[in-house]
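Next up, entry_17.cif (mmCIF, C-alpha atoms):
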data_final
loop_
_atom_site.group_PDB
_atom_site.id
_atom_site.type_symbol
_atom_site.label_atom_id
_atom_site.label_comp_id
_atom_site.auth_asym_id
_atom_site.auth_seq_id
_atom_site.Cartn_x
_atom_site.Cartn_y
_atom_site.Cartn_z
ATOM 1 C CA MET U 1 0.000 0.000 0.000
ATOM 2 C CA ALA U 2 2.881 2.362 -0.680
ATOM 3 C CA GLU U 3 2.386 4.017 -4.048
ATOM 4 C CA GLY U 4 -1.038 5.083 -5.083
ATOM 5 C CA THR U 5 -2.428 5.546 -1.604
ATOM 6 C CA GLU U 6 -2.773 9.043 -0.321
ATOM 7 C CA LEU U 7 -2.628 10.278 3.215
ATOM 8 C CA GLN U 8 -5.913 11.878 4.103
ATOM 9 C CA ALA U 9 -6.557 15.010 6.120
ATOM 10 C CA GLN U 10 -8.282 13.042 8.887
ATOM 11 C CA GLU U 11 -5.010 11.271 9.558
ATOM 12 C CA THR U 12 -3.738 14.511 11.046
ATOM 13 C CA GLU U 13 -6.168 14.141 13.936
ATOM 14 C CA LYS U 14 -4.621 13.342 17.254
ATOM 15 C CA GLN U 15 -6.669 11.495 19.793
ATOM 16 C CA GLU U 16 -6.501 13.142 23.146
ATOM 17 C CA LEU U 17 -6.220 10.907 26.171
ATOM 18 C CA VAL U 18 -9.335 10.527 28.259
ATOM 19 C CA GLU U 19 -8.591 9.972 31.911
ATOM 20 C CA SER U 20 -9.570 6.536 33.019
ATOM 21 C CA GLY U 21 -8.508 4.862 36.183
ATOM 22 C CA ALA U 22 -5.201 6.307 37.255
ATOM 23 C CA GLU U 23 -4.977 10.052 36.872
ATOM 24 C CA ARG U 24 -1.971 11.713 35.473
ATOM 25 C CA THR U 25 0.083 13.966 37.667
ATOM 26 C CA ARG U 26 1.707 15.921 34.891
ATOM 27 C CA GLU U 27 -0.098 19.121 33.985
ATOM 28 C CA ARG U 28 0.027 18.526 30.315
ATOM 29 C CA ARG U 29 -2.047 17.418 27.428
ATOM 30 C CA ALA U 30 -1.641 13.764 26.575
ATOM 31 C CA PHE U 31 -2.347 11.958 23.361
ATOM 32 C CA VAL U 32 -2.895 8.362 22.365
ATOM 33 C CA PRO U 33 -0.300 7.520 19.724
ATOM 34 C CA ARG U 34 -1.324 5.722 16.561
ATOM 35 C CA VAL U 35 0.091 2.230 16.483
ATOM 36 C CA ASP U 36 0.563 -0.832 14.339
ATOM 37 C CA ILE U 37 0.739 -4.114 16.182
ATOM 38 C CA TYR U 38 1.576 -7.288 14.383
ATOM 39 C CA GLU U 39 2.518 -10.765 15.349
ATOM 40 C CA THR U 40 4.947 -13.187 13.837
ATOM 41 C CA ASN U 41 5.553 -16.762 14.914
ATOM 42 C CA ASP U 42 8.078 -15.822 17.545
ATOM 43 C CA ALA U 43 7.425 -12.192 18.412
ATOM 44 C CA ILE U 44 5.018 -9.308 18.685
ATOM 45 C CA ALA U 45 5.960 -5.973 17.151
ATOM 46 C CA VAL U 46 4.562 -2.616 18.213
ATOM 47 C CA VAL U 47 5.186 0.430 16.050
ATOM 48 C CA ALA U 48 4.027 3.774 17.430
ATOM 49 C CA ASP U 49 4.003 7.239 15.879
ATOM 50 C CA MET U 50 5.241 9.626 18.524
ATOM 51 C CA PRO U 51 6.614 12.723 16.829
ATOM 52 C CA GLY U 52 8.826 14.808 19.105
ATOM 53 C CA VAL U 53 9.965 11.877 21.221
ATOM 54 C CA ASP U 54 13.528 10.580 21.431
ATOM 55 C CA ALA U 55 15.265 7.831 23.392
ATOM 56 C CA ASP U 56 15.640 9.993 26.491
ATOM 57 C CA SER U 57 12.006 10.989 26.687
ATOM 58 C CA LEU U 58 10.552 7.510 26.384
ATOM 59 C CA GLU U 59 9.501 5.213 29.176
ATOM 60 C CA ILE U 60 8.345 1.708 28.481
ATOM 61 C CA SER U 61 7.241 -0.749 31.088
ATOM 62 C CA LEU U 62 5.822 -4.224 31.144
ATOM 63 C CA GLU U 63 3.996 -5.350 34.204
ATOM 64 C CA GLN U 64 1.871 -8.441 34.398
ATOM 65 C CA ASN U 65 1.256 -8.531 30.670
ATOM 66 C CA VAL U 66 0.373 -4.839 30.541
ATOM 67 C CA LEU U 67 2.709 -2.932 28.285
ATOM 68 C CA THR U 68 2.733 0.815 28.852
ATOM 69 C CA ILE U 69 4.379 3.369 26.624
ATOM 70 C CA ASN U 70 4.997 6.861 27.938
ATOM 71 C CA GLY U 71 6.502 9.623 25.854
ATOM 72 C CA TYR U 72 7.270 12.960 27.387
ATOM 73 C CA ILE U 73 7.378 16.024 25.218
ATOM 74 C CA ASP U 74 9.096 19.224 26.121
ATOM 75 C CA ASP U 75 7.532 21.948 24.082
ATOM 76 C CA VAL U 76 10.216 23.333 21.871
ATOM 77 C CA GLN U 77 8.944 26.593 20.559
ATOM 78 C CA PRO U 78 10.790 28.453 17.868
ATOM 79 C CA GLU U 79 12.552 31.229 19.726
ATOM 80 C CA ASP U 80 11.186 34.757 19.293
ATOM 81 C CA TYR U 81 8.197 33.506 17.343
ATOM 82 C CA ALA U 82 4.548 33.526 18.347
ATOM 83 C CA LEU U 83 2.103 30.835 17.328
ATOM 84 C CA ALA U 84 -0.164 32.492 14.780
ATOM 85 C CA TYR U 85 -2.099 29.552 13.403
ATOM 86 C CA ALA U 86 -2.481 26.050 14.768
ATOM 87 C CA GLU U 87 -3.739 22.781 13.354
ATOM 88 C CA TYR U 88 -2.258 20.491 15.927
ATOM 89 C CA ARG U 89 -1.354 20.525 19.570
ATOM 90 C CA THR U 90 1.576 18.847 21.204
ATOM 91 C CA GLY U 91 1.659 16.861 24.388
ATOM 92 C CA ASP U 92 2.811 13.686 26.023
ATOM 93 C CA TYR U 93 1.931 10.245 24.732
ATOM 94 C CA VAL U 94 0.398 7.458 26.761
ATOM 95 C CA ARG U 95 -0.871 4.078 25.715
ATOM 96 C CA SER U 96 -1.213 0.674 27.341
ATOM 97 C CA PHE U 97 -1.791 -2.753 25.893
ATOM 98 C CA THR U 98 -2.575 -6.073 27.426
ATOM 99 C CA LEU U 99 -0.466 -8.731 25.824
ATOM 100 C CA SER U 100 -1.994 -12.143 25.496
ATOM 101 C CA ASN U 101 1.235 -14.041 24.965
ATOM 102 C CA GLN U 102 4.010 -14.688 27.377
ATOM 103 C CA ILE U 103 6.775 -12.254 26.561
ATOM 104 C CA ASP U 104 10.405 -12.856 27.304
ATOM 105 C CA GLN U 105 11.000 -9.683 29.265
ATOM 106 C CA SER U 106 14.774 -9.926 29.124
ATOM 107 C CA LYS U 107 14.795 -9.860 25.350
ATOM 108 C CA ILE U 108 12.563 -6.874 24.679
ATOM 109 C CA GLU U 109 14.098 -4.439 22.244
ATOM 110 C CA ALA U 110 13.029 -0.830 21.770
ATOM 111 C CA LYS U 111 14.251 1.534 19.104
ATOM 112 C CA VAL U 112 13.185 5.045 18.349
ATOM 113 C CA ARG U 113 13.958 6.911 15.190
ATOM 114 C CA ASP U 114 12.424 9.982 13.600
ATOM 115 C CA GLY U 115 9.601 9.994 16.110
ATOM 116 C CA VAL U 116 8.649 6.363 15.537
ATOM 117 C CA LEU U 117 9.006 3.808 18.313
ATOM 118 C CA ARG U 118 9.596 0.181 17.349
ATOM 119 C CA LEU U 119 9.182 -2.467 19.990
ATOM 120 C CA HIS U 120 10.186 -6.056 19.485
ATOM 121 C CA LEU U 121 8.645 -8.374 22.049
ATOM 122 C CA PRO U 122 9.878 -11.950 21.664
ATOM 123 C CA LYS U 123 7.549 -14.664 22.863
ATOM 124 C CA VAL U 124 8.787 -17.105 25.438
ATOM 125 C CA THR U 125 9.804 -20.320 23.796
ATOM 126 C CA PRO U 126 7.692 -23.039 25.356
ATOM 127 C CA THR U 127 9.738 -25.212 27.674
ATOM 128 C CA THR U 128 6.948 -27.531 28.698
ATOM 129 C CA LYS U 129 6.735 -30.756 26.821
ATOM 130 C CA LYS U 130 3.566 -32.171 25.537
ATOM 131 C CA ILE U 131 2.509 -35.186 27.484
ATOM 132 C CA ALA U 132 1.008 -37.900 25.478
ATOM 133 C CA VAL U 133 -2.040 -39.393 27.010
ATOM 134 C CA SER U 134 -2.638 -42.955 26.136
ATOM 135 C CA ALA U 135 -5.887 -44.706 26.648
ATOM 136 C CA GLY U 136 -5.722 -47.669 28.834
ATOM 137 C CA MET K 1 -27.578 44.231 46.296
ATOM 138 C CA LEU K 2 -30.084 41.602 45.287
ATOM 139 C CA SER K 3 -31.899 42.149 42.068
ATOM 140 C CA ASN K 4 -35.610 41.751 41.787
ATOM 141 C CA PRO K 5 -36.166 38.009 41.179
ATOM 142 C CA PHE K 6 -39.102 38.843 38.931
ATOM 143 C CA ASP K 7 -37.030 41.007 36.711
ATOM 144 C CA PHE K 8 -36.173 38.441 34.021
ATOM 145 C CA ARG K 9 -34.222 40.886 31.983
ATOM 146 C CA SER K 10 -31.700 41.560 34.706
ATOM 147 C CA SER K 11 -31.270 37.882 35.551
ATOM 148 C CA TYR K 12 -30.744 37.207 31.886
ATOM 149 C CA ARG K 13 -28.086 39.893 31.824
ATOM 150 C CA GLU K 14 -26.494 38.316 34.850
ATOM 151 C CA MET K 15 -26.399 34.934 33.112
ATOM 152 C CA GLU K 16 -24.845 36.520 30.052
ATOM 153 C CA ARG K 17 -22.167 38.130 32.171
ATOM 154 C CA LEU K 18 -21.391 34.832 33.842
ATOM 155 C CA ARG K 19 -21.228 33.055 30.544
ATOM 156 C CA ARG K 20 -18.809 35.649 29.177
ATOM 157 C CA GLU K 21 -16.640 35.380 32.235
ATOM 158 C CA MET K 22 -16.536 31.613 31.971
ATOM 159 C CA ASN K 23 -15.561 31.827 28.320
ATOM 160 C CA GLN K 24 -12.782 34.238 29.112
ATOM 161 C CA LEU K 25 -11.518 31.910 31.779
ATOM 162 C CA PHE K 26 -11.386 28.984 29.397
ATOM 163 C CA GLU K 27 -9.690 31.073 26.745
ATOM 164 C CA GLN K 28 -7.010 32.053 29.198
ATOM 165 C CA LEU K 29 -6.456 28.422 30.081
ATOM 166 C CA ASP K 30 -6.025 27.541 26.481
ATOM 167 C CA ARG K 31 -3.686 30.249 25.332
ATOM 168 C CA GLY K 32 -2.836 30.697 21.720
ATOM 169 C CA PRO K 33 -4.917 30.518 18.598
ATOM 170 C CA ARG K 34 -7.916 28.253 18.265
ATOM 171 C CA LEU K 35 -7.283 24.877 16.728
ATOM 172 C CA SER K 36 -8.122 24.816 13.037
ATOM 173 C CA VAL K 37 -8.908 21.694 11.077
ATOM 174 C CA ALA K 38 -6.175 20.701 8.667
ATOM 175 C CA ALA K 39 -7.357 20.819 5.056
ATOM 176 C CA ALA K 40 -4.846 18.169 4.046
ATOM 177 C CA TYR K 41 -2.065 16.014 5.423
ATOM 178 C CA PRO K 42 0.053 16.989 7.298
ATOM 179 C CA ALA K 43 -1.303 19.294 9.982
ATOM 180 C CA MET K 44 0.709 22.492 10.233
ATOM 181 C CA ASN K 45 1.410 25.064 12.873
ATOM 182 C CA VAL K 46 2.580 28.496 11.840
ATOM 183 C CA TRP K 47 4.758 30.663 14.038
ATOM 184 C CA THR K 48 5.430 34.245 13.000
ATOM 185 C CA ASN K 49 7.379 37.336 13.880
ATOM 186 C CA ALA K 50 8.317 40.524 12.010
ATOM 187 C CA ASP K 51 11.077 38.799 10.054
ATOM 188 C CA GLY K 52 9.253 35.733 8.856
ATOM 189 C CA ALA K 53 7.579 32.501 9.836
ATOM 190 C CA VAL K 54 8.325 28.998 10.987
ATOM 191 C CA VAL K 55 6.014 26.245 9.805
ATOM 192 C CA THR K 56 6.070 23.001 11.768
ATOM 193 C CA ALA K 57 4.517 19.665 10.890
ATOM 194 C CA GLU K 58 4.510 16.283 12.578
ATOM 195 C CA LEU K 59 5.705 13.710 10.073
ATOM 196 C CA PRO K 60 6.974 10.702 12.005
ATOM 197 C CA GLY K 61 8.994 8.035 10.252
ATOM 198 C CA MET K 62 9.870 9.986 7.141
ATOM 199 C CA ASN K 63 12.955 9.819 5.069
ATOM 200 C CA PRO K 64 13.990 13.490 4.716
ATOM 201 C CA GLU K 65 14.981 12.788 1.119
ATOM 202 C CA ASP K 66 11.372 11.975 0.368
ATOM 203 C CA LEU K 67 10.318 15.466 1.371
ATOM 204 C CA GLU K 68 10.017 18.131 -1.244
ATOM 205 C CA ILE K 69 9.645 21.705 -0.106
ATOM 206 C CA SER K 70 9.218 24.591 -2.490
ATOM 207 C CA VAL K 71 8.304 28.228 -2.095
ATOM 208 C CA HIS K 72 6.875 30.516 -4.702
ATOM 209 C CA GLY K 73 5.963 34.054 -3.699
ATOM 210 C CA ASP K 74 3.832 33.647 -0.607
ATOM 211 C CA THR K 75 2.965 29.991 -1.170
ATOM 212 C CA LEU K 76 4.681 27.094 0.512
ATOM 213 C CA SER K 77 4.307 23.685 -1.103
ATOM 214 C CA LEU K 78 5.112 20.468 0.621
ATOM 215 C CA ARG K 79 4.956 17.020 -0.850
ATOM 216 C CA GLY K 80 6.296 13.648 0.022
ATOM 217 C CA SER K 81 5.421 10.119 0.866
ATOM 218 C CA ARG K 82 5.457 8.197 4.058
ATOM 219 C CA PRO K 83 6.701 4.649 3.565
ATOM 220 C CA ALA K 84 4.584 1.715 4.635
ATOM 221 C CA GLU K 85 6.015 -0.577 7.278
ATOM 222 C CA GLU K 86 8.069 -3.370 5.806
ATOM 223 C CA VAL K 87 6.950 -6.654 7.267
ATOM 224 C CA GLU K 88 7.682 -10.212 6.411
ATOM 225 C CA GLU K 89 4.965 -12.295 4.907
ATOM 226 C CA GLY K 90 2.472 -14.134 7.027
ATOM 227 C CA VAL K 91 2.236 -11.716 9.923
ATOM 228 C CA THR K 92 -1.040 -11.155 11.698
ATOM 229 C CA TYR K 93 -2.053 -7.572 12.263
ATOM 230 C CA HIS K 94 -3.786 -6.757 15.539
ATOM 231 C CA ARG K 95 -3.845 -3.011 15.034
ATOM 232 C CA ARG K 96 -3.210 -0.930 11.988
ATOM 233 C CA GLU K 97 -3.705 2.733 12.685
ATOM 234 C CA ARG K 98 -0.651 4.317 11.100
ATOM 235 C CA GLY K 99 -1.235 5.608 7.627
ATOM 236 C CA SER K 100 1.146 5.602 4.733
ATOM 237 C CA GLY K 101 1.201 7.009 1.265
ATOM 238 C CA GLN K 102 1.693 10.224 -0.587
ATOM 239 C CA PHE K 103 0.720 13.691 0.443
ATOM 240 C CA ARG K 104 0.780 17.108 -1.072
ATOM 241 C CA ARG K 105 -0.123 20.367 0.515
ATOM 242 C CA SER K 106 0.102 24.054 -0.337
ATOM 243 C CA PHE K 107 -0.086 26.778 2.203
ATOM 244 C CA GLN K 108 -0.417 30.508 1.725
ATOM 245 C CA LEU K 109 1.543 32.754 4.035
ATOM 246 C CA PRO K 110 0.641 36.317 4.880
ATOM 247 C CA PHE K 111 3.789 37.626 3.185
ATOM 248 C CA ASN K 112 6.211 36.967 0.340
ATOM 249 C CA VAL K 113 9.083 34.695 1.207
ATOM 250 C CA ASP K 114 12.728 35.161 0.343
ATOM 251 C CA SER K 115 12.952 31.772 -1.324
ATOM 252 C CA ASN K 116 16.774 31.797 -1.382
ATOM 253 C CA LYS K 117 16.917 31.795 2.377
ATOM 254 C CA VAL K 118 14.389 29.090 3.152
ATOM 255 C CA ASP K 119 15.752 26.494 5.512
ATOM 256 C CA ALA K 120 14.317 23.257 6.856
ATOM 257 C CA LYS K 121 15.251 20.707 9.443
ATOM 258 C CA TYR K 122 13.771 17.350 10.340
ATOM 259 C CA GLU K 123 14.207 16.156 13.887
ATOM 260 C CA ARG K 124 12.478 13.470 15.930
ATOM 261 C CA GLY K 125 9.789 13.195 13.284
ATOM 262 C CA VAL K 126 8.981 16.898 13.333
ATOM 263 C CA LEU K 127 9.639 19.133 10.360
ATOM 264 C CA HIS K 128 10.546 22.790 10.808
ATOM 265 C CA ILE K 129 10.570 25.093 7.801
ATOM 266 C CA PHE K 130 12.094 28.537 8.268
ATOM 267 C CA LEU K 131 10.630 31.096 5.917
ATOM 268 C CA PRO K 132 12.221 34.558 6.039
ATOM 269 C CA ARG K 133 10.091 37.388 4.819
ATOM 270 C CA ALA K 134 11.316 39.019 1.607
ATOM 271 C CA GLU K 135 13.043 42.357 2.244
ATOM 272 C CA SER K 136 10.895 44.010 -0.414
ATOM 273 C CA ASP K 137 7.800 42.820 1.402
ATOM 274 C CA LYS K 138 8.690 44.207 4.807
ATOM 275 C CA PRO K 139 6.867 47.292 5.960
ATOM 276 C CA LYS K 140 8.881 50.465 5.593
ATOM 277 C CA LYS K 141 9.146 53.036 8.266
ATOM 278 C CA ILE K 142 8.277 56.466 7.056
ATOM 279 C CA GLN K 143 10.085 59.327 8.618
ATOM 280 C CA VAL K 144 7.942 62.266 9.503
ATOM 281 C CA THR K 145 9.730 65.536 9.204
ATOM 282 C CA SER K 146 8.436 68.731 10.604
ATOM 283 C CA ALA K 147 8.045 71.436 8.046
#

Show me, as structure tokens, the structure contained in the file I just sent.
Amino acid sequence: MAEGTELQAQETEKQELVESGAERTRERRAFVPRVDIYETNDAIAVVADMPGVDADSLEISLEQNVLTINGYIDDVQPEDYALAYAEYRTGDYVRSFTLSNQIDQSKIEAKVRDGVLRLHLPKVTPTTKKIAVSAG
Amino acid sequence: MLSNPFDFRSSYREMERLRREMNQLFEQLDRGPRLSVAAAYPAMNVWTNADGAVVTAELPGMNPEDLEISVHGDTLSLRGSRPAEEVEEGVTYHRRERGSGQFRRSFQLPFNVDSNKVDAKYERGVLHIFLPRAESDKPKKIQVTSA
């Protein structure tokens, strides 16, 4: 779906985070990043669009199968300029996922480049052996 | 002093005043210009001062070489394409929210741009385009001499 397709205006919309459960303590707008999640035989991959975020401003945690991505944005405003017209707002990013598979926590890899986070979550290789049940 | 409760006109005025005050409060909370709806991808913010403007756009995951910026007079044109994620065959998608494809957008600025001095940088998925105002377009100060 590379050539031919066109990015539509509605794809500029950013979904603002609605408080649910735990409240945030940072006085700042927060957005839900757009993600792709796909699964291969041995891993789950999460790709998240988080423009403005770099390796230092990212926080990723996995707790009891809940994966949480936090991206903190420091508003960098062009010096000596005033915002005259706005089509988007900036803010932190927050999103959580419940993972259904067992993830090998020690082998999680996270990379961020050009505002895109790529998470590689390898599944635990099953160590239990199948036990054959024989009738008798 | 309490107003006459049967005087609807004055209570209406009071409500109006309250409403205005509330609006002002919210406007102060949300400083800056109102959010406009982007006519096309990508969304843009425009920062200005007397010497020019800075246009910013969130374009995560782009290859800067795939971005084409041009300026003609007071019109900024931006085009490019955002690559689709390369995945091996046979993967199962659970979520697919990130878009990919081509985009093209033109934007009219309130002044003519000195196209020789346009500069752009792409950092952390955010594009900044620096657009200096053309010297010939800048307002001229007129000296007033006493006769």

Apply the PyMOL selection byres ((chain U and resi 37) around 12) to the file shown and report the selected residues as a PyMOL selection string.
(chain U and resi 34-36+38-40+43-49+97-99+117-121) or (chain K and resi 85+87+91-98)

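Nearest residue to U:Thr68 among U:Pro122, U:Gly115, U:Gly136, U:Pro33 is U:Pro33, counting only C-alpha atoms.
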
Using all atoms listed in the file for the distances, tell me which of K:Gln24, K:Ser10, K:Asn63, K:Ser136 is nearest to chain U.
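Of K:Gln24, K:Ser10, K:Asn63, K:Ser136, the one nearest chain U is K:Asn63, counting all atoms listed in the file.
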
What does the distance from atom CA of K:Arg82 to atom CA of U:Leu17 come to in Å, to one decimal?
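Computing it gives 25.2 Å between the two atoms.
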
Pick out the chain K residues within 7 Å of chain U. Count all atoms listed in the file. Give them as a short mmCIF file (atom, residue, chain, number, x, y, z; two decimals) with C-alpha atoms, in the frame of the given file.
data_model
loop_
_atom_site.label_atom_id
_atom_site.label_comp_id
_atom_site.auth_asym_id
_atom_site.auth_seq_id
_atom_site.Cartn_x
_atom_site.Cartn_y
_atom_site.Cartn_z
CA GLY K 32 -2.84 30.70 21.72
CA PRO K 33 -4.92 30.52 18.60
CA ARG K 34 -7.92 28.25 18.26
CA LEU K 35 -7.28 24.88 16.73
CA SER K 36 -8.12 24.82 13.04
CA VAL K 37 -8.91 21.69 11.08
CA ALA K 38 -6.18 20.70 8.67
CA ALA K 39 -7.36 20.82 5.06
CA ALA K 40 -4.85 18.17 4.05
CA TYR K 41 -2.06 16.01 5.42
CA PRO K 42 0.05 16.99 7.30
CA ALA K 43 -1.30 19.29 9.98
CA MET K 44 0.71 22.49 10.23
CA ASN K 45 1.41 25.06 12.87
CA VAL K 46 2.58 28.50 11.84
CA TRP K 47 4.76 30.66 14.04
CA THR K 48 5.43 34.24 13.00
CA ASN K 49 7.38 37.34 13.88
CA GLU K 58 4.51 16.28 12.58
CA LEU K 59 5.70 13.71 10.07
CA PRO K 60 6.97 10.70 12.00
CA GLY K 61 8.99 8.04 10.25
CA MET K 62 9.87 9.99 7.14
CA PRO K 83 6.70 4.65 3.56
CA ALA K 84 4.58 1.72 4.64
CA VAL K 91 2.24 -11.72 9.92
CA THR K 92 -1.04 -11.16 11.70
CA TYR K 93 -2.05 -7.57 12.26
CA HIS K 94 -3.79 -6.76 15.54
CA ARG K 95 -3.84 -3.01 15.03
CA ARG K 96 -3.21 -0.93 11.99
CA GLU K 97 -3.70 2.73 12.68
CA ARG K 98 -0.65 4.32 11.10
CA GLY K 99 -1.24 5.61 7.63
CA SER K 100 1.15 5.60 4.73
CA GLY K 101 1.20 7.01 1.26
CA GLN K 102 1.69 10.22 -0.59
CA PHE K 103 0.72 13.69 0.44
CA GLU K 123 14.21 16.16 13.89
CA ARG K 124 12.48 13.47 15.93
CA GLY K 125 9.79 13.20 13.28
CA VAL K 126 8.98 16.90 13.33
#

Nearest to U:Arg28 among U:Glu109, U:Asp92, U:Asp42, U:Glu59, with distances taken over only C-alpha atoms: which residue is it?
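Distance minimum relative to U:Arg28 lands on U:Asp92.
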
If the PyMOL selection byres ((chain K and resi 120) around 6) were run on this exact file, what residues would it hold? Put them as a list of chain:residue names.
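Checking the PyMOL selection byres ((chain K and resi 120) around 6) against this file, the residues are K:Asp119, K:Lys121, K:His128, K:Ile129, K:Phe130.
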
Please indicate the distance in Å from atom CA of K:Asp137 to atom CA of K:Thr56, rounded to one decimal place.
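These atoms are spaced 22.4 Å apart.
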
What residues come out when you apply the PyMOL selection byres ((chain U and resi 29) around 12) to this file, written as a PyMOL selection string?
(chain U and resi 14-19+24-28+30-32+71-75+88-94) or (chain K and resi 30)
